[in-house]
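**Q** Sending over work_32.cif (mmCIF, C-alpha atoms).
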```
data_structure
#
loop_
_atom_site.label_atom_id
_atom_site.label_comp_id
_atom_site.auth_asym_id
_atom_site.auth_seq_id
_atom_site.Cartn_x
_atom_site.Cartn_y
_atom_site.Cartn_z
CA MET A 1 109.14 112.04 210.99
CA THR A 2 111.67 114.81 211.60
CA ALA A 3 111.14 117.61 214.12
CA PRO A 4 110.43 120.20 211.38
CA GLU A 5 107.89 117.88 209.74
CA LEU A 6 106.20 117.24 213.07
CA ALA A 7 106.15 120.98 213.84
CA ARG A 8 104.49 121.74 210.51
CA ALA A 9 101.90 119.01 211.03
CA ILE A 10 101.01 120.41 214.47
CA ASP A 11 101.03 123.99 213.21
CA GLY A 12 98.51 123.07 210.54
CA CYS A 13 96.01 121.94 213.17
CA LEU A 14 96.16 125.02 215.39
CA ARG A 15 93.83 127.99 215.59
CA ASP A 16 95.74 130.06 218.18
CA ARG A 17 99.30 130.61 219.32
CA VAL A 18 101.45 127.87 220.89
CA LEU A 19 104.82 128.75 222.40
CA VAL A 20 107.99 126.87 221.38
CA PHE A 21 110.10 127.35 224.51
CA GLY A 22 112.93 124.97 223.58
CA SER A 23 115.09 124.88 220.47
CA PRO A 24 112.92 125.83 217.48
CA PRO A 25 112.78 123.69 214.36
CA PRO A 26 114.89 122.85 212.50
CA GLN A 27 117.54 123.34 215.22
CA GLY A 28 116.02 121.06 217.87
CA GLY A 29 115.64 117.31 217.69
CA ASP A 30 112.34 117.48 219.58
CA LEU A 31 109.63 120.01 220.39
CA ASP A 32 108.98 121.79 223.70
CA LEU A 33 105.53 123.36 223.53
CA LEU A 34 103.51 125.47 225.97
CA ALA A 35 99.82 125.49 225.08
CA ARG A 36 96.59 126.84 226.51
CA ALA A 37 93.53 124.66 226.92
CA PRO A 38 91.97 124.73 223.40
CA GLU A 39 95.26 124.14 221.59
CA LEU A 40 96.35 121.60 224.19
CA GLY A 41 93.42 119.36 223.24
CA ILE A 42 94.06 119.80 219.53
CA ILE A 43 97.72 118.81 219.82
CA THR A 44 96.93 115.88 222.12
CA ARG A 45 94.42 114.43 219.66
CA HIS A 46 96.81 114.90 216.74
CA LEU A 47 99.67 113.15 218.51
CA ALA A 48 97.44 110.24 219.54
CA ARG A 49 96.28 109.80 215.93
CA GLU A 50 99.91 109.78 214.76
CA GLY A 51 100.79 106.90 217.10
CA PHE A 52 102.57 108.86 219.83
CA LEU A 53 102.59 107.41 223.34
CA GLN A 54 102.19 109.62 226.42
CA ARG A 55 104.12 109.46 229.67
CA GLY A 56 103.58 112.46 231.88
CA LEU A 57 104.04 115.60 229.77
CA THR A 58 106.07 113.83 227.09
CA TRP A 59 104.73 112.25 223.93
CA ALA A 60 106.98 109.89 221.99
CA ARG A 61 106.83 107.81 218.84
CA PHE A 62 109.46 105.13 218.30
CA SER A 63 110.60 104.08 214.86
CA GLY A 64 113.50 101.66 214.63
CA CYS A 65 116.39 103.04 216.65
CA THR A 66 115.08 106.63 216.50
CA VAL A 67 112.39 108.48 218.43
CA SER A 68 110.34 111.63 217.85
CA SER A 69 109.16 113.44 220.94
CA VAL A 70 107.08 116.39 222.07
CA ASP A 71 107.06 117.87 225.56
CA LEU A 72 103.56 119.30 225.76
CA VAL A 73 103.13 121.54 228.82
CA PRO A 74 99.78 123.05 229.84
CA ALA A 75 100.19 126.80 230.24
CA GLU A 76 98.81 126.76 233.80
CA HIS A 77 101.74 124.56 234.89
CA TRP A 78 104.03 127.59 234.76
CA GLY A 79 102.18 129.27 237.62
CA LEU A 80 101.82 132.67 235.94
CA GLY A 81 98.96 135.08 236.54
CA GLN A 82 96.43 135.60 233.78
CA ALA A 83 97.87 138.96 232.73
CA GLU A 84 101.44 137.69 232.58
CA LEU A 85 100.40 134.50 230.79
CA ARG A 86 98.52 136.55 228.22
CA ALA A 87 101.57 138.77 227.75
CA LEU A 88 103.78 135.71 227.25
CA PHE A 89 101.74 134.66 224.21
CA THR A 90 100.85 138.17 222.94
CA GLU A 91 104.44 139.42 222.98
CA ALA A 92 105.84 136.24 221.41
CA ILE A 93 107.68 136.38 218.10
CA PRO A 94 106.27 134.55 215.05
CA LEU A 95 108.37 131.58 213.96
CA ASP A 96 109.36 131.88 210.29
CA GLY A 97 107.29 129.60 208.09
CA PHE A 98 104.65 128.86 210.73
CA SER A 99 101.29 130.43 211.36
CA SER A 100 100.64 129.52 215.02
CA LEU A 101 103.94 128.37 216.51
CA VAL A 102 105.75 131.29 218.14
CA LEU A 103 108.96 131.95 220.08
CA PRO A 104 109.30 133.75 223.42
CA SER A 105 110.14 137.46 223.27
CA PRO A 106 113.74 138.24 224.28
CA HIS A 107 112.88 139.24 227.86
CA HIS A 108 110.67 136.18 228.29
CA GLN A 109 113.49 134.03 226.90
CA ILE A 110 115.74 135.32 229.68
CA LEU A 111 113.08 134.62 232.33
CA ILE A 112 112.68 131.08 230.99
CA ALA A 113 116.47 130.63 231.13
CA ALA A 114 116.45 131.84 234.75
CA ARG A 115 113.88 129.20 235.65
CA ARG A 116 115.92 126.53 233.88
CA VAL A 117 118.97 127.54 235.90
CA ALA A 118 116.98 127.36 239.13
CA ARG A 119 115.60 123.93 238.22
CA ALA A 120 119.13 122.70 237.44
CA GLY A 121 120.33 123.70 240.90
CA GLY A 122 122.30 126.73 239.78
CA VAL A 123 123.87 125.47 236.54
CA LEU A 124 123.88 127.49 233.31
CA ASP A 125 124.49 125.04 230.47
CA ASP A 126 125.78 125.98 227.03
CA ARG A 127 122.36 125.77 225.41
CA SER A 128 120.74 128.19 227.88
CA ARG A 129 123.72 130.53 227.63
CA ALA A 130 123.35 130.61 223.84
CA ARG A 131 119.64 131.44 224.17
CA VAL A 132 120.39 134.31 226.54
CA GLN A 133 123.01 135.62 224.14
CA ALA A 134 120.54 135.42 221.24
CA ALA A 135 117.90 137.26 223.28
CA LEU A 136 120.32 140.08 224.16
CA SER A 137 121.45 140.32 220.53
CA ARG A 138 117.84 140.73 219.46
CA ASP A 139 116.98 143.22 222.20
CA PRO A 140 119.81 144.76 224.29
CA ASP A 141 117.15 145.99 226.75
CA ALA A 142 115.85 142.45 227.36
CA TRP A 143 117.67 142.01 230.66
CA ARG A 144 116.12 145.14 232.18
CA LEU A 145 112.65 144.09 231.02
CA ALA A 146 113.18 140.59 232.44
CA ASP A 147 114.18 142.08 235.81
CA GLU A 148 110.98 144.16 235.81
CA ARG A 149 108.84 141.10 235.06
CA ALA A 150 110.68 138.78 237.46
CA PRO A 151 108.35 139.44 240.46
CA MET A 152 105.34 138.41 238.35
CA TRP A 153 107.18 135.17 237.53
CA ASN A 154 108.28 134.62 241.15
CA ALA A 155 111.78 134.52 239.69
CA ALA A 156 113.68 137.33 241.43
CA ALA A 157 116.20 134.94 243.01
CA ALA A 158 116.47 132.95 239.77
CA MET A 159 117.33 136.14 237.87
CA ARG A 160 120.09 136.97 240.37
CA VAL A 161 121.53 133.48 239.94
CA LEU A 162 121.36 133.76 236.15
CA ARG A 163 123.12 137.13 236.21
CA THR A 164 125.88 135.76 238.46
CA LEU A 165 126.51 132.77 236.21
CA TRP A 166 126.29 134.91 233.07
CA ARG A 167 129.02 137.20 234.34
CA ASN A 168 131.16 134.42 235.79
CA PRO A 169 131.07 131.30 233.60
CA GLY A 170 131.91 128.26 235.66
CA GLY A 171 131.17 130.10 238.90
CA SER A 172 128.87 128.95 241.68
CA PRO A 173 125.73 130.76 242.88
CA GLY A 174 126.25 129.49 246.41
CA ALA A 175 123.26 129.66 248.74
CA MET A 176 121.36 131.79 246.24
CA GLY A 177 120.99 128.72 244.04
CA THR A 178 119.07 126.97 246.80
CA VAL A 179 116.90 130.05 247.32
CA ALA A 180 116.09 130.13 243.60
CA LEU A 181 115.19 126.44 243.60
CA LEU A 182 112.87 126.86 246.59
CA GLU A 183 111.33 129.92 244.94
CA LEU A 184 110.55 127.88 241.83
CA ALA A 185 109.28 124.90 243.86
CA ARG A 186 106.81 127.11 245.77
CA THR A 187 105.52 128.53 242.51
CA LEU A 188 105.07 125.15 240.84
CA ALA A 189 103.49 123.61 243.95
CA ARG A 190 100.58 126.04 243.59
CA THR A 191 99.81 124.92 240.03
CA PRO A 192 97.29 122.15 239.19
CA GLY A 193 98.93 118.84 240.08
CA GLY A 194 102.17 120.67 240.91
CA ARG A 195 102.55 119.25 244.40
CA GLN A 196 102.27 115.68 243.08
CA ARG A 197 104.84 116.36 240.35
CA LEU A 198 107.28 117.77 242.87
CA LEU A 199 106.81 114.80 245.20
CA ARG A 200 107.46 112.39 242.32
CA ALA A 201 110.63 114.29 241.42
CA LEU A 202 111.82 114.27 245.03
CA GLY A 203 111.05 110.55 245.30
CA ARG A 204 113.54 109.64 242.57
CA ARG A 205 116.47 108.42 244.60
CA ARG A 206 118.20 105.52 242.92
CA PRO A 207 118.27 105.14 239.15
CA ALA A 208 116.31 102.31 237.58
CA VAL A 209 118.25 99.30 236.27
CA VAL A 210 117.80 97.82 232.80
CA ALA A 211 119.74 94.66 231.99
CA PHE A 212 120.71 92.98 228.72
CA SER A 213 121.83 89.35 228.83
CA GLY A 214 122.78 86.67 226.35
CA ILE A 215 125.65 84.71 224.88
CA ASP A 216 128.52 86.54 223.22
CA GLY A 217 127.35 87.82 219.84
CA ALA A 218 123.69 88.18 220.88
CA GLY A 219 123.78 91.95 220.32
CA LYS A 220 123.72 93.18 223.93
CA SER A 221 126.12 96.08 223.48
CA PHE A 222 124.34 97.37 220.40
CA GLN A 223 120.94 97.33 222.11
CA ALA A 224 122.32 98.88 225.32
CA ASN A 225 123.86 101.80 223.42
CA ALA A 226 120.77 102.22 221.22
CA LEU A 227 118.54 102.37 224.30
CA GLN A 228 120.81 104.97 225.90
CA GLU A 229 120.58 107.13 222.79
CA CYS A 230 116.76 106.91 222.67
CA LEU A 231 116.39 107.73 226.36
CA SER A 232 118.79 110.65 226.05
CA HIS A 233 116.70 112.07 223.22
CA LEU A 234 113.67 111.85 225.52
CA GLY A 235 115.46 113.75 228.27
CA VAL A 236 116.03 110.67 230.43
CA GLU A 237 119.68 110.60 231.50
CA SER A 238 121.08 107.07 231.26
CA PHE A 239 124.44 105.38 231.66
CA VAL A 240 125.75 102.11 230.19
CA VAL A 241 127.79 99.81 232.44
CA TRP A 242 129.86 96.84 231.32
CA PRO A 243 130.68 95.01 234.58
CA PRO A 244 134.43 94.40 234.43
CA ALA A 245 134.41 91.79 237.21
CA GLN A 246 132.82 89.31 234.81
CA ASN A 247 136.36 88.94 233.45
CA VAL A 248 137.78 87.72 236.76
CA LEU A 249 140.86 85.97 235.37
CA PHE A 250 141.12 87.95 232.17
CA GLN A 251 141.84 91.18 234.10
CA MET A 252 144.77 89.71 235.99
CA PRO A 253 148.36 90.40 234.93
CA PRO A 254 149.83 87.39 233.08
CA ALA A 255 152.23 86.60 235.94
CA LEU A 256 149.44 86.56 238.52
CA LYS A 257 147.23 84.54 236.18
CA SER A 258 149.99 81.93 235.79
CA LEU A 259 150.49 81.84 239.55
CA LEU A 260 146.79 81.30 240.19
CA ARG A 261 146.65 78.52 237.61
CA GLY A 262 149.58 76.88 239.34
CA VAL A 263 147.75 77.05 242.66
CA LEU A 264 144.58 75.62 241.10
CA GLU A 265 146.57 72.78 239.56
CA GLY A 266 148.14 72.07 242.94
CA LEU A 267 144.67 71.91 244.52
CA ALA A 268 143.18 69.85 241.69
CA LYS A 269 141.66 66.43 242.28
CA PRO A 270 144.32 63.74 242.28
CA GLY A 271 144.62 62.12 238.89
CA ARG A 272 142.23 64.60 237.28
CA GLY A 273 143.06 67.18 234.65
CA SER A 274 140.93 70.01 233.52
CA ALA A 275 137.17 70.02 233.89
CA ALA A 276 135.22 68.67 230.99
CA ALA A 277 132.40 71.09 231.68
CA GLY A 278 134.76 74.00 231.31
CA GLY A 279 136.58 72.57 228.33
CA THR A 280 135.83 75.36 225.94
CA SER A 281 134.76 78.11 228.27
CA SER A 282 136.21 81.57 228.65
CA ASP A 283 137.20 83.68 231.61
CA SER A 284 134.53 86.18 230.62
CA ALA A 285 130.76 86.30 230.85
CA GLY A 286 130.69 87.97 227.50
CA GLY A 287 133.96 89.71 226.67
CA ALA A 288 136.75 88.19 224.64
CA GLU A 289 139.75 86.57 226.33
CA SER A 290 143.02 86.11 224.51
CA ALA A 291 144.29 82.81 225.83
CA ASP A 292 147.74 82.57 224.30
CA SER A 293 149.37 83.74 221.11
CA ARG A 294 148.85 80.40 219.38
CA SER A 295 145.09 80.31 220.03
CA GLY A 296 144.79 83.94 218.89
CA GLU A 297 146.53 83.07 215.62
CA ALA A 298 144.22 80.13 215.11
CA ALA A 299 141.18 82.37 215.49
CA MET A 300 142.61 84.81 212.95
CA ASP A 301 143.04 81.94 210.51
CA GLY A 302 139.32 81.21 210.73
CA SER A 303 139.49 78.27 213.14
CA GLU A 304 137.81 78.29 216.51
CA PRO A 305 139.62 80.01 219.42
CA VAL A 306 141.05 77.71 222.04
CA PHE A 307 141.02 78.42 225.78
CA PRO A 308 142.84 76.43 228.47
CA ASP A 309 140.57 74.59 230.89
CA LEU A 310 140.47 75.25 234.61
CA PRO A 311 141.69 72.32 236.71
CA SER A 312 138.88 70.30 238.31
CA GLN A 313 138.81 70.89 242.08
CA GLN A 314 137.75 69.06 245.19
CA PRO A 315 134.06 69.94 245.94
CA VAL A 316 134.88 72.15 248.95
CA VAL A 317 137.51 74.12 247.04
CA MET A 318 135.29 74.38 243.98
CA HIS A 319 132.33 75.75 245.98
CA LEU A 320 134.54 78.20 247.85
CA LEU A 321 136.10 79.54 244.66
CA ALA A 322 132.68 79.81 242.99
CA MET A 323 131.29 81.68 246.02
CA ILE A 324 134.16 84.17 245.89
CA VAL A 325 133.66 84.74 242.17
CA ALA A 326 129.89 85.13 242.67
CA LEU A 327 130.47 87.77 245.33
CA VAL A 328 132.88 89.61 243.04
CA GLN A 329 130.15 89.68 240.38
CA VAL A 330 127.66 91.32 242.74
CA LEU A 331 130.21 93.87 243.93
CA SER A 332 130.98 94.77 240.33
CA PHE A 333 127.29 95.55 239.72
CA ARG A 334 127.22 97.87 242.70
CA ARG A 335 130.45 99.56 241.66
CA GLY A 336 129.10 100.01 238.16
CA ALA A 337 125.86 101.57 239.38
CA ARG A 338 127.79 103.97 241.65
CA SER A 339 129.93 105.08 238.71
CA ALA A 340 126.91 106.60 236.97
CA PRO A 341 127.01 110.42 236.84
CA ARG A 342 124.80 112.42 239.15
CA GLY A 343 121.28 112.83 237.77
CA THR A 344 121.27 109.47 235.97
CA ARG A 345 117.74 108.08 235.78
CA VAL A 346 118.52 104.71 234.19
CA VAL A 347 121.60 102.50 234.52
CA ILE A 348 121.83 100.09 231.59
CA PHE A 349 123.85 96.95 232.26
CA ASP A 350 125.49 95.24 229.30
CA ARG A 351 125.53 91.87 231.14
CA TYR A 352 123.97 91.48 234.55
CA ALA A 353 122.90 88.91 237.14
CA LEU A 354 121.73 86.30 234.64
CA ASP A 355 125.07 86.46 232.82
CA ALA A 356 126.94 86.25 236.13
CA ILE A 357 125.07 83.07 237.11
CA VAL A 358 125.77 81.50 233.73
CA TYR A 359 129.43 82.49 233.96
CA VAL A 360 129.95 81.14 237.47
CA ARG A 361 128.28 77.85 236.68
CA HIS A 362 129.88 77.36 233.30
CA ARG A 363 133.41 78.44 234.12
CA TRP A 364 133.76 77.55 237.80
CA GLY A 365 131.04 75.02 238.52
CA HIS A 366 132.39 71.97 236.68
CA GLY A 367 128.83 70.96 235.84
CA GLN A 368 127.46 71.49 239.37
CA PRO A 369 124.25 73.52 239.96
CA LEU A 370 125.92 75.86 242.51
CA ARG A 371 122.57 76.70 244.09
CA TRP A 372 123.99 78.87 246.90
CA GLN A 373 126.21 80.87 244.57
CA CYS A 374 123.34 81.43 242.15
CA ARG A 375 121.06 82.48 244.98
CA LEU A 376 123.67 84.92 246.28
CA ILE A 377 123.87 86.63 242.89
CA ARG A 378 120.10 86.63 242.44
CA ASP A 379 119.33 88.01 245.92
CA LEU A 380 122.10 90.61 246.25
CA ALA A 381 121.93 92.12 242.76
CA ARG A 382 119.36 94.91 242.48
CA ARG A 383 116.18 93.79 240.78
CA PRO A 384 116.07 95.47 237.37
CA LEU A 385 113.11 97.43 236.11
CA ARG A 386 113.44 95.47 232.87
CA ALA A 387 115.72 92.54 232.00
CA TYR A 388 116.05 91.19 228.46
CA LEU A 389 117.55 87.89 227.35
CA LEU A 390 118.58 88.24 223.72
CA GLU A 391 118.26 84.71 222.38
CA VAL A 392 120.42 83.84 219.41
CA ALA A 393 121.36 80.43 218.03
CA PRO A 394 124.97 79.65 218.99
CA GLU A 395 125.88 79.19 215.34
CA VAL A 396 124.49 82.64 214.51
CA ALA A 397 126.32 84.21 217.45
CA TYR A 398 129.56 82.54 216.36
CA ALA A 399 129.14 83.88 212.83
CA ARG A 400 128.70 87.38 214.23
CA LYS A 401 131.58 87.29 216.69
CA ARG A 402 134.16 84.51 216.71
CA ASP A 403 135.51 85.08 220.20
CA PHE A 404 134.25 81.77 221.61
CA PRO A 405 134.00 78.21 220.27
CA VAL A 406 130.52 77.11 219.20
CA GLU A 407 130.48 74.38 221.84
CA ASN A 408 131.18 77.02 224.49
CA LEU A 409 128.25 79.08 223.24
CA ARG A 410 125.97 76.05 223.20
CA GLY A 411 126.81 75.24 226.82
CA ARG A 412 126.08 78.76 227.95
CA ALA A 413 122.90 79.01 225.89
CA ASN A 414 121.59 75.96 227.76
CA LEU A 415 122.32 77.63 231.08
CA TYR A 416 120.57 80.83 230.01
CA SER A 417 117.51 78.73 229.14
CA GLU A 418 117.67 77.15 232.58
CA HIS A 419 117.90 80.36 234.62
CA TRP A 420 116.10 83.16 232.76
CA GLN A 421 112.76 82.67 234.49
CA SER A 422 114.20 82.84 238.01
CA LEU A 423 115.75 86.22 237.10
CA ARG A 424 112.42 87.44 235.65
CA ALA A 425 114.03 88.22 232.32
CA ARG A 426 112.05 88.71 229.16
CA ARG A 427 113.11 86.53 226.26
CA VAL A 428 113.41 88.33 222.93
CA ASP A 429 114.47 86.95 219.59
CA GLY A 430 117.94 88.40 219.03
CA GLN A 431 117.89 87.28 215.40
CA ARG A 432 115.16 89.74 214.49
CA PRO A 433 116.25 92.93 212.69
CA ARG A 434 118.12 95.20 215.07
CA ALA A 435 115.86 98.17 214.37
CA GLU A 436 112.77 96.17 215.35
CA LEU A 437 114.34 95.22 218.66
CA CYS A 438 115.47 98.82 219.29
CA GLU A 439 111.94 100.08 218.83
CA GLU A 440 110.32 97.38 220.96
CA ILE A 441 112.79 97.65 223.84
CA ALA A 442 112.93 101.45 223.93
CA ARG A 443 109.14 101.70 223.95
CA ASP A 444 108.87 99.10 226.71
CA VAL A 445 111.51 100.71 228.94
CA TRP A 446 110.24 104.26 228.46
CA SER A 447 106.64 103.24 229.18
CA SER A 448 107.69 101.46 232.37
CA LEU A 449 109.55 104.42 233.91
CA GLY A 450 107.73 105.98 236.85
#
```
Once more with this new file: its structure as structure tokens, please.

**A**
Amino acid sequence: MTAPELARAIDGCLRDRVLVFGSPPPQGGDLDLLARAPELGIITRHLAREGFLQRGLTWARFSGCTVSSVDLVPAEHWGLGQAELRALFTEAIPLDGFSSLVLPSPHHQILIAARRVARAGGVLDDRSRARVQAALSRDPDAWRLADERAPMWNAAAAMRVLRTLWRNPGGSPGAMGTVALLELARTLARTPGGRQRLLRALGRRRPAVVAFSGIDGAGKSFQANALQECLSHLGVESFVVWPPAQNVLFQMPPALKSLLRGVLEGLAKPGRGSAAAGGTSSDSAGGAESADSRSGEAAMDGSEPVFPDLPSQQPVVMHLLAMIVALVQVLSFRRGARSAPRGTRVVIFDRYALDAIVYVRHRWGHGQPLRWQCRLIRDLARRPLRAYLLEVAPEVAYARKRDFPVENLRGRANLYSEHWQSLRARRVDGQRPRAELCEEIARDVWSSLG
């Protein structure tokens, strides 16, 4: 259901005015509605009947890799007096083609923009700037009227910040931005449940972690990007991380890689060649590694890619190398999380602790369990809010993405089966239609967010 279709369905149920304070249909991809008590109940019942799920003030319905959403705000949450709240709805402008959905008057649109700027910490984004421009085009006197109403909205400081940013795009409001934010916080704290909402917002320190794991070709990258898109549509800022340290050797310059291989061969067990357990493994936990030009040509011809084995080491050397690689994995997770932009609510890892354990054991463990290395990864990596193991038959994964030999994929699939429970991952069938998985995962992650 598109946003215009949803708006018309809601409009048909209403008996009184409901304010659309975000982008109106058909411009917006979702609906931001402010409703008084009678209409609030009507909309809530309609959304529940249509299969929408509620989390806080947001209602969402997932369908494949898309989501429809409504932010339904009770009118009392804005902290306006009865007279000003009545004026907000009475002075609103009818929305073309709708009987009960209305838009804020130009001066109210400017006051709403001022509050948005205060909430954003003194940032006037392009969308709010466009709304202010549209309000002034509709009523050149809107700014004066907004200034007159600002005391009733407890938004005097917010209006000064908005005016500063309007005149100086890219400028900074300085200390006035903090004053405006505190002004808004005091207003909202006096509304029903406002103090609890503010405390929850202040309590959000670190972003939640969502992890996708599985053999190469399981569909991790697709699902990670699809989840990011769904969360973004719902107003939840997210960031996808592909941990580069899971390509420990692959990232090295060829000369350094050759030098390291020479050192490993010098340290190898006497009379032993390369490890059988690593015979067809790759230097990556999921990304492709070009071994040499001959193996790359073979893969292009349709044959399986070939990767050189790592020399089998003495136990002490092997455990030391595996411990170093395990530590590098953990550090890469932390670096990846820190690279997320400010305001990120969810960091989505395309490969995480489970993949790191499988990689270390398969590539560096020479068939050994490496209990201490696995424990280091498990204990030092942040526990994810949700972790998904996309299970795909090795033959299916190979048909999707021929970066690794089938035998390599089989070996890693066995290790995933061995370790997924200790990492508290959820197994999902990666051979199901992608859209089904998108819907299931997005619904699960969104519902689990605090």

**Q** Please compute the atom CA of Gly214 of chain A-atom CA of Leu390 of chain A distance, one decimal, in Å.

**A** 5.2 Å

**Q** Report as a list of chain:residue names the full result of the PyMOL selection byres ((chain A and resi 241) around 8) when it is applied to this structure.

**A**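 With the shown file as input, the PyMOL selection byres ((chain A and resi 241) around 8) matches A:Phe239, A:Val240, A:Trp242, A:Pro243, A:Gly336, A:Ala337, A:Val347, A:Ile348, A:Phe349, A:Asp350.
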
**Q** Please produce a file of the residues just selected, as a short mmCIF file (atom, residue, chain, number, x, y, z; two decimals), in the frame of the given file, where the atoms kept are C-alpha atoms.

**A**
```cif
data_model
loop_
_atom_site.label_atom_id
_atom_site.label_comp_id
_atom_site.auth_asym_id
_atom_site.auth_seq_id
_atom_site.Cartn_x
_atom_site.Cartn_y
_atom_site.Cartn_z
CA PHE A 239 124.44 105.38 231.66
CA VAL A 240 125.75 102.11 230.19
CA TRP A 242 129.86 96.84 231.32
CA PRO A 243 130.68 95.01 234.58
CA GLY A 336 129.10 100.01 238.16
CA ALA A 337 125.86 101.57 239.38
CA VAL A 347 121.60 102.50 234.52
CA ILE A 348 121.83 100.09 231.59
CA PHE A 349 123.85 96.95 232.26
CA ASP A 350 125.49 95.24 229.30
#
```

**Q** Assuming the chain letters and numbering stay as they are in my file, what does the PyMOL selection byres ((chain A and resi 95) around 12) actually select? List them as a PyMOL selection string.

**A** chain A and resi 4+7-8+11+17-21+23-26+92-94+96-105

**Q** Name every residue that the PyMOL selection byres ((chain A and resi 142) around 10) selects in this structure, writing the answer as a list in words with chains first and numbers rising.

**A**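 Given this file, the PyMOL selection byres ((chain A and resi 142) around 10) evaluates to Ser105, Pro106, His107, His108, Gln109, Ile110, Leu111, Val132, Ala135, Leu136, Ser137, Arg138, Asp139, Pro140, Asp141, Trp143, Arg144, Leu145, Ala146, Asp147 and Glu148 of chain A.
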
**Q** Can you measure atom CA of Ala425 of chain A to atom CA of Ala322 of chain A for me? One decimal in Å is fine.

**A**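 One can read the atom CA of Ala425 of chain A to atom CA of Ala322 of chain A distance as 23.1 Å.
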
**Q** Tell me which protein, DNA and RNA residues are within 7 Å of segment 365-379 of chain A, counting only C-alpha atoms, leaving out same-chain ones fewer than 3 positions away, and put them as a PyMOL selection string.

**A** chain A and resi 275+277-278+312+318+322-323+326+330+353+357+360-362+423

**Q** Considering only C-alpha atoms, return as a VMD selection string whatever protein or nucleic-acid residues lie within 9 Å of Gly343 of chain A, sequence-local ones (same chain, fewer than 5 positions apart) excluded.

**A** chain A and resid 207 237 to 238

**Q** Find the residues near Ala208 of chain A: any atom within 9 Å, counting only C-alpha atoms, skip ones fewer than 4 places away on the same chain, and give them as a list of chain:residue names.

**A**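 The filter keeps A:Thr344, A:Arg345, A:Val346, A:Val347, A:Ile348, A:Pro384, A:Leu385, A:Arg386, A:Leu449.
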
**Q** So what do you get for atom CA of Leu80 of chain A versus atom CA of Leu234 of chain A, distance-wise?

**A** 26.1 Å

**Q** Please return as an NGL selection string every residue within 7 Å of (108.5, 118.8, 217.3), taking into account all atoms listed in the file and the file's own coordinates.

**A** :A and (3-4 or 6-7 or 30-31 or 69-70)

**Q** When distances are computed from all atoms listed in the file, which of A:Arg131, A:His46, A:Arg36, A:Arg412 shows the smallest separation from Gly12 of chain A?

**A**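 For Gly12 of chain A, the nearest of the candidates is A:His46.
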
**Q** Considering only C-alpha atoms, can you say which of A:Ser339, A:Thr164, A:Ser417, A:Gln228 comes closest to Val67 of chain A?

**A**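 Between A:Ser339, A:Thr164, A:Ser417, A:Gln228, the residue approaching Val67 of chain A most closely is A:Gln228.
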
**Q** So which one's closest to Ala356 of chain A, A:Arg424, A:Asn408, A:Ile215, A:Val445? Using all atoms listed in the file, please.

**A**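 Nearest candidate to Ala356 of chain A out of A:Arg424, A:Asn408, A:Ile215, A:Val445: A:Ile215.
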